[in-house]
$ cat work.cif   # mmCIF, C-alpha atoms and all ligand atoms
data_target
loop_
_atom_site.label_atom_id
_atom_site.label_comp_id
_atom_site.auth_asym_id
_atom_site.auth_seq_id
_atom_site.Cartn_x
_atom_site.Cartn_y
_atom_site.Cartn_z
CA MET A 11 7.64 26.57 -8.11
CA SER A 12 9.94 23.84 -9.45
CA ILE A 13 12.66 21.67 -8.01
CA ILE A 14 15.83 21.17 -9.99
CA LEU A 15 17.98 18.11 -9.41
CA ASN A 16 21.55 18.66 -10.58
CA ASN A 17 23.97 15.83 -11.42
CA ALA A 18 21.43 13.02 -11.14
CA LYS A 19 21.85 9.46 -12.36
CA TYR A 20 18.23 8.80 -13.39
CA ILE A 21 16.91 5.25 -13.74
CA ASP A 22 13.73 4.96 -15.77
CA TRP A 23 11.43 2.71 -13.75
CA LYS A 24 9.97 1.05 -16.85
CA THR A 25 12.98 0.58 -19.16
CA LEU A 26 15.76 0.70 -16.52
CA GLU A 27 17.63 2.98 -18.91
CA ILE A 28 20.19 5.02 -16.96
CA ARG A 29 21.11 8.59 -17.84
CA ASP A 30 23.30 11.29 -16.37
CA THR A 31 21.06 14.31 -16.34
CA ASP A 32 19.67 17.35 -14.62
CA ILE A 33 15.96 17.05 -13.84
CA LYS A 34 13.37 19.81 -13.58
CA ILE A 35 10.37 18.76 -11.52
CA GLU A 36 7.00 20.43 -11.86
CA GLU A 37 4.98 20.86 -8.67
CA GLY A 38 1.40 19.59 -8.52
CA ILE A 39 -0.75 16.52 -8.30
CA ASN A 40 -0.19 15.32 -11.88
CA GLY A 41 2.99 17.24 -12.68
CA GLY A 42 5.77 16.09 -14.97
CA ILE A 43 9.55 16.13 -15.16
CA GLU A 44 12.00 17.37 -17.79
CA PHE A 45 15.53 16.19 -18.48
CA SER A 46 18.51 18.22 -19.64
CA LYS A 47 22.21 17.53 -20.13
CA THR A 48 22.97 21.17 -19.53
CA PRO A 49 21.96 22.93 -16.30
CA PHE A 50 18.45 24.40 -16.14
CA ILE A 51 18.24 28.16 -15.75
CA LEU A 52 16.36 29.23 -12.63
CA VAL A 53 13.17 31.04 -13.54
CA ASN A 54 12.41 32.22 -10.06
CA GLN A 55 15.49 32.60 -7.84
CA THR A 56 13.50 32.87 -4.65
CA GLU A 57 10.99 30.09 -5.24
CA ASP A 58 12.79 27.38 -7.20
CA GLU A 59 14.82 24.89 -5.23
CA ILE A 60 18.04 23.25 -6.38
CA ILE A 61 19.26 19.95 -4.99
CA ASP A 62 22.71 18.77 -6.01
CA CYS A 63 22.49 14.97 -6.34
CA ASP A 64 26.26 14.62 -6.76
CA GLY A 65 25.80 11.61 -9.07
CA ARG A 66 23.28 9.83 -6.82
CA LEU A 67 20.68 7.43 -8.23
CA VAL A 68 17.24 8.94 -8.81
CA THR A 69 14.18 6.91 -9.71
CA LYS A 70 10.44 7.01 -9.35
CA ALA A 71 9.21 6.81 -5.75
CA PHE A 72 7.39 3.64 -4.63
CA ALA A 73 3.74 2.80 -3.95
CA ASN A 74 2.34 0.36 -1.39
CA GLY A 75 -0.42 -1.89 -2.77
CA HIS A 76 -1.94 -2.99 0.54
CA HIS A 77 -1.48 -1.43 3.96
CA HIS A 78 -3.34 -1.20 7.28
CA VAL A 79 -2.98 2.15 9.00
CA TYR A 80 -5.09 0.78 11.86
CA SER A 81 -2.33 -1.56 13.04
CA ALA A 82 0.34 1.13 13.48
CA LEU A 83 0.02 1.34 17.28
CA ALA A 84 0.31 -2.43 17.72
CA ARG A 85 4.08 -2.46 17.82
CA GLY A 86 5.14 -3.61 21.30
CA MET A 87 1.60 -3.90 22.62
CA PRO A 88 0.81 -6.28 25.51
CA ALA A 89 0.48 -9.99 24.69
CA PRO A 90 -3.09 -11.14 23.90
CA GLU A 91 -5.12 -12.90 26.61
CA LYS A 92 -4.54 -16.16 24.73
CA GLN A 93 -1.59 -17.04 22.51
CA PRO A 94 -3.26 -17.58 19.08
CA ASP A 95 -3.01 -21.09 17.63
CA ASN A 96 -4.28 -20.32 14.14
CA PHE A 97 -5.29 -17.50 11.80
CA LEU A 98 -8.82 -17.10 13.16
CA GLU A 99 -7.43 -16.80 16.68
CA ILE A 100 -4.88 -14.21 15.48
CA LEU A 101 -7.81 -12.14 14.21
CA LYS A 102 -9.95 -12.75 17.28
CA TYR A 103 -7.36 -12.19 20.00
CA ILE A 104 -5.19 -9.55 18.29
CA TRP A 105 -6.64 -7.54 15.40
CA TRP A 106 -10.37 -7.68 16.16
CA ASN A 107 -9.58 -6.81 19.75
CA LEU A 108 -7.42 -3.86 18.70
CA ASP A 109 -9.52 -2.35 15.92
CA LYS A 110 -12.64 -2.23 18.15
CA LYS A 111 -10.81 0.02 20.64
CA LEU A 112 -9.66 2.66 18.13
CA ASP A 113 -11.05 6.18 18.31
CA GLN A 114 -10.52 9.09 15.90
CA GLN A 115 -7.45 10.43 17.74
CA MET A 116 -5.78 7.02 17.71
CA ILE A 117 -6.61 6.67 14.00
CA GLU A 118 -5.09 10.09 13.36
CA ALA A 119 -1.89 9.11 15.19
CA SER A 120 -1.76 5.79 13.31
CA ALA A 121 -2.20 7.56 9.97
CA LEU A 122 0.32 10.32 10.67
CA PHE A 123 2.94 7.78 11.69
CA THR A 124 2.20 5.49 8.72
CA ALA A 125 2.40 8.36 6.26
CA MET A 126 5.67 9.57 7.79
CA ASP A 127 7.14 6.07 7.83
CA SER A 128 6.07 5.54 4.22
CA ALA A 129 7.64 8.84 3.15
CA LYS A 130 10.96 8.02 4.81
CA ASN A 131 10.92 4.68 2.98
CA GLY A 132 10.47 6.42 -0.38
CA VAL A 133 6.79 5.47 -0.63
CA THR A 134 4.70 8.40 -1.87
CA PHE A 135 1.46 6.50 -2.54
CA VAL A 136 -0.36 4.15 -0.15
CA ILE A 137 -3.39 1.94 -0.81
CA ASP A 138 -4.91 1.33 2.62
CA HIS A 139 -7.59 -1.02 3.98
CA HIS A 140 -8.97 0.46 7.19
CA SER A 141 -10.95 -0.95 10.12
CA SER A 142 -12.22 0.76 13.29
CA PRO A 143 -15.72 -0.72 13.93
CA PHE A 144 -16.59 1.64 16.78
CA ALA A 145 -15.14 4.77 15.19
CA VAL A 146 -16.29 4.36 11.61
CA GLU A 147 -17.77 7.76 10.84
CA GLY A 148 -15.15 10.15 9.50
CA SER A 149 -12.32 7.62 9.85
CA LEU A 150 -11.37 7.74 6.16
CA GLU A 151 -11.27 11.53 6.10
CA THR A 152 -9.11 11.48 9.27
CA ILE A 153 -6.63 9.21 7.50
CA ALA A 154 -6.75 11.22 4.26
CA ASN A 155 -6.06 14.48 6.13
CA ALA A 156 -3.11 12.95 7.97
CA PHE A 157 -1.64 11.65 4.70
CA ASP A 158 -2.19 15.03 3.03
CA LYS A 159 -0.37 16.77 5.88
CA VAL A 160 2.69 14.58 5.42
CA GLY A 161 2.40 14.75 1.61
CA VAL A 162 1.74 11.08 0.78
CA SER A 163 -0.96 10.28 -1.79
CA HIS A 164 -3.56 7.64 -1.02
CA LEU A 165 -6.32 5.31 -2.14
CA LEU A 166 -8.35 4.43 0.94
CA CYS A 167 -11.23 2.16 1.80
CA TYR A 168 -13.10 1.02 4.89
CA GLU A 169 -13.14 -2.77 5.31
CA ILE A 170 -16.87 -3.51 5.47
CA SER A 171 -17.77 -6.68 7.36
CA ASP A 172 -20.75 -8.25 9.09
CA ARG A 173 -18.66 -9.41 12.04
CA ASP A 174 -19.76 -6.59 14.41
CA GLY A 175 -23.48 -6.51 13.65
CA LYS A 176 -25.85 -4.61 11.37
CA LYS A 177 -25.28 -1.18 12.90
CA VAL A 178 -21.54 -1.26 12.22
CA THR A 179 -22.08 -2.68 8.72
CA ASP A 180 -24.47 0.15 7.90
CA ALA A 181 -22.07 2.75 9.31
CA ALA A 182 -19.28 1.30 7.13
CA PHE A 183 -21.45 1.56 4.00
CA THR A 184 -22.39 5.14 4.84
CA GLU A 185 -18.75 6.06 5.51
CA THR A 186 -17.67 4.53 2.19
CA ASP A 187 -20.47 6.20 0.24
CA ASN A 188 -19.72 9.60 1.76
CA TYR A 189 -15.99 9.30 1.26
CA LEU A 190 -16.24 8.16 -2.36
CA GLY A 191 -18.49 11.14 -3.02
CA GLN A 192 -15.57 13.42 -2.10
CA ARG A 193 -12.35 11.60 -2.84
CA GLN A 194 -10.77 8.77 -4.86
CA GLY A 195 -11.01 5.45 -3.05
CA LEU A 196 -12.28 1.90 -3.15
CA VAL A 197 -15.10 -0.11 -1.58
CA GLY A 198 -13.44 -2.26 1.08
CA LEU A 199 -14.64 -5.64 2.24
CA HIS A 200 -12.91 -7.59 4.99
CA ALA A 201 -13.06 -11.12 3.54
CA SER A 202 -15.58 -13.66 2.29
CA PHE A 203 -15.96 -15.34 5.71
CA THR A 204 -17.14 -12.13 7.41
CA VAL A 205 -19.29 -10.76 4.58
CA GLY A 206 -22.78 -12.20 3.97
CA ASN A 207 -24.53 -12.14 0.60
CA GLU A 208 -26.57 -9.02 1.36
CA SER A 209 -23.45 -6.96 2.12
CA LEU A 210 -21.62 -8.44 -0.84
CA VAL A 211 -24.34 -7.37 -3.28
CA ARG A 212 -24.55 -3.97 -1.62
CA ALA A 213 -20.77 -3.44 -1.90
CA VAL A 214 -20.72 -4.25 -5.61
CA LYS A 215 -23.62 -1.81 -6.18
CA LEU A 216 -21.72 0.89 -4.30
CA ALA A 217 -18.60 0.27 -6.39
CA VAL A 218 -20.71 0.62 -9.57
CA LYS A 219 -22.27 3.84 -8.25
CA HIS A 220 -18.86 5.45 -7.68
CA ASN A 221 -17.09 3.91 -10.69
CA SER A 222 -14.74 2.27 -8.20
CA GLY A 223 -13.72 -1.31 -7.36
CA ILE A 224 -13.54 -3.72 -4.43
CA HIS A 225 -10.52 -4.14 -2.14
CA VAL A 226 -10.82 -7.42 -0.26
CA HIS A 227 -8.76 -10.20 1.39
CA VAL A 228 -9.11 -13.45 -0.57
CA ALA A 229 -8.23 -16.93 0.71
CA GLU A 230 -5.57 -15.64 3.06
CA ASP A 231 -6.15 -18.78 5.11
CA THR A 232 -7.76 -22.13 4.26
CA THR A 233 -10.64 -21.30 6.64
CA ASP A 234 -11.83 -18.60 4.19
CA GLN A 235 -12.35 -21.39 1.62
CA SER A 236 -13.96 -23.92 4.01
CA ASP A 237 -16.36 -21.24 5.27
CA SER A 238 -17.40 -20.29 1.74
CA ILE A 239 -17.90 -23.91 0.67
CA LYS A 240 -19.94 -24.63 3.80
CA LYS A 241 -22.15 -21.52 3.67
CA TYR A 242 -22.49 -20.94 -0.07
CA GLY A 243 -21.44 -24.21 -1.77
CA GLN A 244 -18.80 -22.26 -3.70
CA ARG A 245 -15.13 -21.44 -3.36
CA VAL A 246 -14.28 -17.81 -2.53
CA VAL A 247 -13.28 -16.66 -6.03
CA GLU A 248 -16.33 -18.35 -7.58
CA ARG A 249 -18.54 -16.61 -5.06
CA PHE A 250 -16.91 -13.23 -5.71
CA LYS A 251 -17.05 -13.71 -9.48
CA GLU A 252 -20.76 -14.48 -9.36
CA ALA A 253 -21.36 -11.34 -7.28
CA GLY A 254 -19.48 -9.16 -9.79
CA VAL A 255 -16.46 -8.34 -7.60
CA LEU A 256 -14.02 -9.32 -10.33
CA GLU A 257 -15.58 -7.19 -13.05
CA PHE A 258 -13.86 -3.96 -11.98
CA ASN A 259 -10.44 -2.88 -13.30
CA LYS A 260 -9.94 -1.28 -9.89
CA THR A 261 -10.60 -4.42 -7.83
CA ILE A 262 -7.73 -5.57 -5.59
CA LEU A 263 -7.69 -9.13 -4.25
CA GLY A 264 -5.40 -9.46 -1.22
CA HIS A 265 -3.24 -12.57 -0.65
CA CYS A 266 -4.91 -15.24 -2.90
CA LEU A 267 -2.87 -17.99 -1.21
CA HIS A 268 -5.33 -20.89 -1.27
CA LEU A 269 -6.84 -20.82 -4.75
CA ASP A 270 -7.34 -23.94 -6.86
CA GLN A 271 -6.53 -24.00 -10.58
CA LYS A 272 -10.05 -23.03 -11.59
CA GLU A 273 -10.05 -20.00 -9.29
CA LYS A 274 -6.63 -18.92 -10.53
CA GLN A 275 -7.94 -19.07 -14.07
CA ILE A 276 -10.94 -16.92 -13.13
CA VAL A 277 -8.59 -14.33 -11.63
CA GLU A 278 -6.25 -14.46 -14.63
CA ASN A 279 -9.15 -13.92 -17.03
CA SER A 280 -10.52 -10.99 -15.03
CA PRO A 281 -9.37 -7.35 -15.03
CA ALA A 282 -8.83 -7.52 -11.22
CA TRP A 283 -5.43 -7.19 -9.56
CA VAL A 284 -3.79 -9.39 -6.93
CA VAL A 285 -1.68 -8.04 -4.07
CA GLN A 286 0.96 -10.22 -2.45
CA ASN A 287 2.04 -9.67 1.20
CA THR A 288 4.91 -12.05 1.90
CA GLU A 289 6.04 -11.02 5.38
CA SER A 290 2.49 -10.92 6.73
CA ASN A 291 1.91 -14.45 5.38
CA LEU A 292 5.08 -15.63 7.10
CA ASN A 293 4.09 -13.89 10.33
CA ASN A 294 0.59 -15.39 10.37
CA ASN A 295 1.81 -18.82 9.21
CA VAL A 296 -0.99 -18.99 6.64
CA GLY A 297 0.89 -20.29 3.59
CA PHE A 298 2.97 -19.11 0.65
CA PHE A 299 2.16 -17.04 -2.40
CA ASN A 300 2.56 -18.64 -5.83
CA SER A 301 2.02 -16.39 -8.83
CA ILE A 302 1.92 -19.22 -11.37
CA GLY A 303 -1.47 -19.28 -13.10
CA LEU A 304 -2.62 -15.91 -11.68
CA GLY A 305 -1.70 -13.81 -14.72
CA ASN A 306 0.33 -10.61 -14.79
CA ASN A 307 -1.79 -8.27 -12.69
CA ILE A 308 0.16 -8.85 -9.48
CA PHE A 309 1.69 -6.26 -7.17
CA THR A 310 2.93 -6.17 -3.59
CA GLY A 311 2.00 -4.62 -0.27
CA THR A 312 3.07 -4.68 3.36
CA ASP A 313 -0.27 -5.60 5.00
CA GLY A 314 0.37 -3.35 7.99
CA MET A 315 3.65 -5.07 8.90
CA HIS A 316 5.74 -1.97 8.07
CA SER A 317 5.93 0.65 5.33
CA ASP A 318 9.06 -0.42 3.48
CA MET A 319 8.38 -1.59 -0.07
CA ILE A 320 12.04 -2.45 -0.72
CA ARG A 321 11.94 -4.92 2.15
CA SER A 322 8.57 -6.19 0.93
CA ILE A 323 9.79 -7.10 -2.56
CA GLN A 324 13.10 -8.49 -1.31
CA SER A 325 11.12 -10.85 0.99
CA ALA A 326 8.86 -11.83 -1.90
CA TYR A 327 11.92 -12.64 -3.97
CA PHE A 328 13.73 -14.72 -1.36
CA THR A 329 10.63 -16.62 -0.16
CA GLY A 330 9.61 -17.08 -3.78
CA GLN A 331 12.76 -19.07 -4.57
CA HIS A 332 11.00 -22.09 -3.12
CA PHE A 333 7.33 -21.23 -3.41
CA ASP A 334 7.01 -19.07 -6.52
CA SER A 335 8.51 -18.28 -9.89
CA ILE A 336 10.31 -14.97 -9.44
CA THR A 337 13.52 -13.40 -10.81
CA PRO A 338 15.11 -10.04 -9.95
CA VAL A 339 13.51 -8.60 -13.12
CA SER A 340 10.03 -9.96 -12.38
CA ALA A 341 10.40 -8.86 -8.74
CA TRP A 342 11.12 -5.31 -9.90
CA ASN A 343 8.10 -5.41 -12.20
CA ARG A 344 5.89 -6.80 -9.43
CA LEU A 345 7.03 -3.97 -7.15
CA ARG A 346 6.17 -1.45 -9.87
CA ASN A 347 2.90 -3.04 -11.06
CA VAL A 348 0.94 -1.14 -8.42
CA GLN A 349 1.93 2.01 -10.32
CA ARG A 350 0.65 0.47 -13.57
CA TYR A 351 -2.61 -0.21 -11.70
CA LEU A 352 -2.79 3.42 -10.50
CA LYS A 353 -2.01 4.83 -13.94
CA SER A 354 -4.36 2.58 -15.93
CA ASN A 355 -7.19 3.52 -13.59
CA GLU A 356 -6.30 7.23 -13.76
CA PHE A 357 -5.90 7.71 -10.03
CA ASP A 358 -4.26 11.00 -9.00
CA GLY A 359 -0.96 11.29 -7.16
CA ASP A 360 1.51 8.93 -8.82
CA SER A 361 2.92 10.95 -11.73
CA ASN A 362 6.57 11.10 -12.70
CA ASN A 363 7.11 14.00 -10.29
CA ASN A 364 7.28 11.46 -7.44
CA LEU A 365 10.95 10.65 -7.03
CA VAL A 366 13.37 9.07 -4.62
CA ILE A 367 17.09 9.88 -4.42
CA PHE A 368 19.34 7.07 -3.16
CA ASP A 369 22.75 7.47 -1.59
CA TYR A 370 23.69 4.05 -2.97
CA LYS A 371 27.41 3.27 -3.01
CA PRO A 372 27.84 -0.12 -4.72
CA PRO A 373 31.10 -2.07 -5.05
CA THR A 374 30.28 -2.92 -8.71
CA PRO A 375 29.01 -0.98 -11.75
CA VAL A 376 25.26 -0.40 -12.14
CA THR A 377 23.95 -0.99 -15.68
CA VAL A 378 20.61 -1.25 -17.43
CA ASN A 379 20.98 -5.05 -17.37
CA ASN A 380 22.09 -5.62 -13.78
CA PHE A 381 20.03 -2.97 -11.98
CA PRO A 382 17.35 -5.46 -10.72
CA GLY A 383 20.15 -7.54 -9.15
CA HIS A 384 21.50 -4.43 -7.41
CA PHE A 385 18.00 -3.65 -6.22
CA ILE A 386 17.32 -7.10 -4.73
CA TYR A 387 20.73 -7.64 -3.12
CA GLY A 388 22.05 -4.17 -2.41
CA PHE A 389 19.29 -1.63 -1.81
CA TYR A 390 18.28 -0.53 1.68
CA SER A 391 15.64 2.05 2.44
CA SER A 392 18.15 3.55 4.88
CA ASP A 393 20.06 4.73 1.77
CA ILE A 394 17.17 7.03 0.85
CA GLN A 395 18.45 10.60 0.97
CA HIS A 396 15.57 12.70 -0.39
CA VAL A 397 11.96 12.02 -1.37
CA ILE A 398 9.83 14.17 -3.67
CA SER A 399 6.06 13.74 -3.69
CA ASN A 400 3.87 15.47 -6.28
CA GLY A 401 6.81 17.75 -7.06
CA LYS A 402 7.45 18.79 -3.44
CA VAL A 403 10.33 17.74 -1.23
CA ILE A 404 8.87 15.80 1.71
CA VAL A 405 12.05 14.11 2.95
CA LYS A 406 15.35 15.97 2.80
CA ASP A 407 18.62 14.46 3.99
CA LYS A 408 16.66 11.57 5.55
CA LYS A 409 14.46 13.92 7.58
CA ILE A 410 10.78 14.50 7.06
CA ILE A 411 10.25 18.21 6.46
CA THR A 412 6.49 18.56 6.00
CA VAL A 413 5.57 17.78 9.62
CA ASN A 414 7.31 17.72 12.98
CA GLU A 415 8.42 14.11 13.35
CA ASN A 416 9.17 14.28 17.08
CA GLU A 417 5.80 15.81 17.89
CA ILE A 418 4.02 13.08 15.92
CA LEU A 419 6.03 10.35 17.65
CA GLU A 420 5.15 11.82 21.07
CA PHE A 421 1.48 11.97 20.05
CA SER A 422 1.49 8.40 18.72
CA LYS A 423 3.16 7.09 21.89
CA GLU A 424 0.53 8.81 23.99
CA MET A 425 -2.23 7.29 21.84
CA ALA A 426 -0.56 3.85 21.95
CA VAL A 427 -0.49 3.85 25.76
CA ARG A 428 -4.17 4.84 25.82
CA LEU A 429 -5.05 2.10 23.31
CA TRP A 430 -3.10 -0.58 25.15
CA LYS A 431 -4.92 0.23 28.40
CA LYS A 432 -8.23 -0.35 26.60
CA LEU A 433 -7.07 -3.73 25.24
CA LYS A 434 -7.16 -5.37 28.66
ZN ZN B 1 -4.59 -7.01 4.79
#
$ encode --input "work.cif" --output "structure tokens"
Amino acid sequence: MSIILNNAKYIDWKTLEIRDTDIKIEEGINGGIEFSKTPFILVNQTEDEIIDCDGRLVTKAFANGHHHVYSALARGMPAPEKQPDNFLEILKYIWWNLDKKLDQQMIEASALFTAMDSAKNGVTFVIDHHSSPFAVEGSLETIANAFDKVGVSHLLCYEISDRDGKKVTDAAFTETDNYLGQRQGLVGLHASFTVGNESLVRAVKLAVKHNSGIHVHVAEDTTDQSDSIKKYGQRVVERFKEAGVLEFNKTILGHCLHLDQKEKQIVENSPAWVVQNTESNLNNNVGFFNSIGLGNNIFTGTDGMHSDMIRSIQSAYFTGQHFDSITPVSAWNRLRNVQRYLKSNEFDGDSNNNLVIFDYKPPTPVTVNNFPGHFIYGFYSSDIQHVISNGKVIVKDKKIITVNENEILEFSKEMAVRLWKKLK
């Protein structure tokens, strides 16, 4: 079965070249697309689907470089027992309180909602970093199944940490090993300050075993650095480099806010990638991202704040006017770099048959040269009309069509109430 888009205005995500065209979209995990100035002939009248774009903008769908499914049910939750004063207290009183209470049903609800929210925001690929210390076994498969149901591709990991004792650490290694034996994914580590040397070595070995990479938070707060210097006599990036974390093309380093020049150089000279999460940094009051000196392997994520990559890159751009070097063109590239990461590492699920159709009605002409400006100042995810993932329509006329949205929202509310009761 194919989908045919009539009367599309297609924007090539790499060259920004704009063409008026019909598009034939092949279904399947690594399917392609074909362009034609004249209408495609339907091969199979009953199976092929035609969508008239009526001149709407069509471009490649987005990918999220760093997300946390596990935080989805936090929205509106009761205030913590103590108002956090710093980053460590935010973890202690909010996130490490919440993730310990998750069970498989709550994880399923969190994943279904996150996948649905991603889809409606034109995001058809999510890289997630998961934590549920007392429901580790099977958690990654639960998330993967939920994403598959909605039709959003994924690259998952479990964030291994020593913060909940040896039993939980071992369970996290087993979960990762089992999952990577079945599916594409990464070896997750929480952060330097919660991962001892034994677990660090073990994680790198596991990544080698599965030809994978490490996904880890790096110097999100200054305490990550002071902890590493105190315990190991090294800064975080030096410690990770020595352990081999930075040797993988698939490694993702989250945040990288508090690196000195030497560490930035190590990152720049490595094949690892950096993921920026502006709104989360603002929310946690941990500092500001500065790409200068980090090289070109930088992309963006939402860090569990929401699932909207347009909002994420717009925030990076505006905050970056003071703290970073970023233009509309480099912002667009940074948004898209996660897809260069996925392609260069041959991950499945982000081919050209992932598309988003915008009902964008600008007051000025859109050209190859000014498109990034339109994107930064004028694009809203609420303008997303249809979303196609792996050659299948998953959002049509702003509505998710692969699952029952209302049923999932009822389920997630029920799970949220149950989780919130356990938080007290
Ligand atoms: Zn994170």
$ closest_residue --input "work.cif" --among "A:Val296, A:Leu365, A:Val197, A:Val226" --to "Phe97 of chain A" --atoms "all atoms listed in the file"
A:Val296
$ closest_residue --input "work.cif" --among "A:Ile394, A:Val277, A:Met315, A:Leu269" --to "Phe298 of chain A" --atoms "all atoms listed in the file"
A:Leu269
$ residues_near_ligand --input "work.cif" --ligand "ligand ZN 1 (chain B)" --cutoff "10 Å" --atoms "all atoms listed in the file" --output "PDB file with C-alpha atoms, keeping the file's coordinate frame"
ATOM      1  CA  HIS A  76      -1.940  -2.990   0.540  1.00  0.00           C
ATOM      2  CA  HIS A  77      -1.480  -1.430   3.960  1.00  0.00           C
ATOM      3  CA  HIS A  78      -3.340  -1.200   7.280  1.00  0.00           C
ATOM      4  CA  ASP A 138      -4.910   1.330   2.620  1.00  0.00           C
ATOM      5  CA  HIS A 139      -7.590  -1.020   3.980  1.00  0.00           C
ATOM      6  CA  HIS A 140      -8.970   0.460   7.190  1.00  0.00           C
ATOM      7  CA  GLU A 169     -13.140  -2.770   5.310  1.00  0.00           C
ATOM      8  CA  HIS A 200     -12.910  -7.590   4.990  1.00  0.00           C
ATOM      9  CA  ALA A 201     -13.060 -11.120   3.540  1.00  0.00           C
ATOM     10  CA  HIS A 225     -10.520  -4.140  -2.140  1.00  0.00           C
ATOM     11  CA  VAL A 226     -10.820  -7.420  -0.260  1.00  0.00           C
ATOM     12  CA  HIS A 227      -8.760 -10.200   1.390  1.00  0.00           C
ATOM     13  CA  VAL A 228      -9.110 -13.450  -0.570  1.00  0.00           C
ATOM     14  CA  GLU A 230      -5.570 -15.640   3.060  1.00  0.00           C
ATOM     15  CA  LEU A 263      -7.690  -9.130  -4.250  1.00  0.00           C
ATOM     16  CA  GLY A 264      -5.400  -9.460  -1.220  1.00  0.00           C
ATOM     17  CA  HIS A 265      -3.240 -12.570  -0.650  1.00  0.00           C
ATOM     18  CA  VAL A 285      -1.680  -8.040  -4.070  1.00  0.00           C
ATOM     19  CA  GLN A 286       0.960 -10.220  -2.450  1.00  0.00           C
ATOM     20  CA  ASN A 287       2.040  -9.670   1.200  1.00  0.00           C
ATOM     21  CA  SER A 290       2.490 -10.920   6.730  1.00  0.00           C
ATOM     22  CA  ASN A 291       1.910 -14.450   5.380  1.00  0.00           C
ATOM     23  CA  GLY A 311       2.000  -4.620  -0.270  1.00  0.00           C
ATOM     24  CA  THR A 312       3.070  -4.680   3.360  1.00  0.00           C
ATOM     25  CA  ASP A 313      -0.270  -5.600   5.000  1.00  0.00           C
ATOM     26  CA  GLY A 314       0.370  -3.350   7.990  1.00  0.00           C
ATOM     27  CA  MET A 315       3.650  -5.070   8.900  1.00  0.00           C
TER      28      MET A 315
END
$ residues_near_point --input "work.cif" --point "(-15.8, 4.6, 13.8)" --cutoff "12 Å" --atoms "all atoms listed in the file" --output "PyMOL selection string"
chain A and resi 80+109-117+140-152+168-170+174+177-186
$ atom_distance --input "work.cif" --atom1 "atom CA of Ala341 of chain A" --atom2 "atom CA of Gly303 of chain A"
16.4 Å
$ closest_residue --input "work.cif" --among "A:Arg321, A:Arg428, A:Lys92, A:His396" --to "Cys63 of chain A" --atoms "only C-alpha atoms"
A:His396
$ residues_around --input "work.cif" --residues "Lys408 of chain A" --least-positions-apart "3" --cutoff "9 Å" --atoms "only C-alpha atoms" --output "list in words"
Lys130, Ser392, Asp393, Ile394, Gln395, His396, Val397 and Val405 of chain A
$ closest_residue --input "work.cif" --among "A:Val53, A:Ala156, A:Ile100, A:Leu292" --to "Ala326 of chain A" --atoms "all atoms listed in the file"
A:Leu292
$ closest_residue --input "work.cif" --among "A:Ile323, A:Ile398, A:Met11, A:Ala84" --to "Asn362 of chain A" --atoms "all atoms listed in the file"
A:Ile398
$ closest_residue --input "work.cif" --among "A:Trp430, A:Phe123, A:Tyr189, A:Phe45" --to "Glu415 of chain A" --atoms "only C-alpha atoms"
A:Phe123
$ residues_around --input "work.cif" --residues "segment 350-355 of chain A" --least-positions-apart "5" --cutoff "12 Å" --atoms "only C-alpha atoms" --output "ChimeraX atom specification"
/A:23-24,40,72-75,135-137,163-165,194-196,221-223,258-262,281-285,306-310,343-345,360-362
$ residues_around --input "work.cif" --residues "Leu15 of chain A" --least-positions-apart "2" --cutoff "8 Å" --atoms "all atoms listed in the file" --output "VMD selection string"
chain A and resid 13 17 to 18 32 to 35 60 to 63
$ atom_distance --input "work.cif" --atom1 "atom CA of Met319 of chain A" --atom2 "atom CA of Asp127 of chain A"
11.1 Å
$ residues_around --input "work.cif" --residues "Ala253 of chain A" --least-positions-apart "5" --cutoff "12 Å" --atoms "only C-alpha atoms" --output "list of chain:residue names"
A:Ser202, A:Gly206, A:Asn207, A:Glu208, A:Ser209, A:Leu210, A:Val211, A:Arg212, A:Ala213, A:Val214, A:Lys215, A:Ala217, A:Ile224, A:Gln244, A:Val246, A:Val247, A:Glu248, A:Phe258
$ atom_distance --input "work.cif" --atom1 "atom CA of Leu67 of chain A" --atom2 "atom CA of Ser46 of chain A"
15.9 Å
$ decode --input "work.cif" --residues "segment 338-344 of chain A" --atoms "N, CA and C atoms" --output "PDB file, in the first residue's frame"
ATOM      1  N   PRO A 338      19.142  31.227  12.746  1.00  0.00           N
ATOM      2  CA  PRO A 338      18.029  30.383  12.290  1.00  0.00           C
ATOM      3  C   PRO A 338      18.512  29.171  11.487  1.00  0.00           C
ATOM      4  N   VAL A 339      19.547  29.358  10.651  1.00  0.00           N
ATOM      5  CA  VAL A 339      20.046  28.237   9.840  1.00  0.00           C
ATOM      6  C   VAL A 339      20.698  27.174  10.735  1.00  0.00           C
ATOM      7  N   SER A 340      21.553  27.618  11.680  1.00  0.00           N
ATOM      8  CA  SER A 340      22.209  26.611  12.528  1.00  0.00           C
ATOM      9  C   SER A 340      21.203  25.960  13.479  1.00  0.00           C
ATOM     10  N   ALA A 341      20.152  26.711  13.850  1.00  0.00           N
ATOM     11  CA  ALA A 341      19.099  26.121  14.696  1.00  0.00           C
ATOM     12  C   ALA A 341      18.394  25.000  13.940  1.00  0.00           C
ATOM     13  N   TRP A 342      18.069  25.262  12.677  1.00  0.00           N
ATOM     14  CA  TRP A 342      17.417  24.240  11.848  1.00  0.00           C
ATOM     15  C   TRP A 342      18.311  22.998  11.750  1.00  0.00           C
ATOM     16  N   ASN A 343      19.599  23.232  11.511  1.00  0.00           N
ATOM     17  CA  ASN A 343      20.529  22.099  11.397  1.00  0.00           C
ATOM     18  C   ASN A 343      20.640  21.341  12.711  1.00  0.00           C
ATOM     19  N   ARG A 344      20.646  22.079  13.826  1.00  0.00           N
ATOM     20  CA  ARG A 344      20.748  21.424  15.131  1.00  0.00           C
ATOM     21  C   ARG A 344      19.487  20.577  15.398  1.00  0.00           C
TER      22      ARG A 344
END
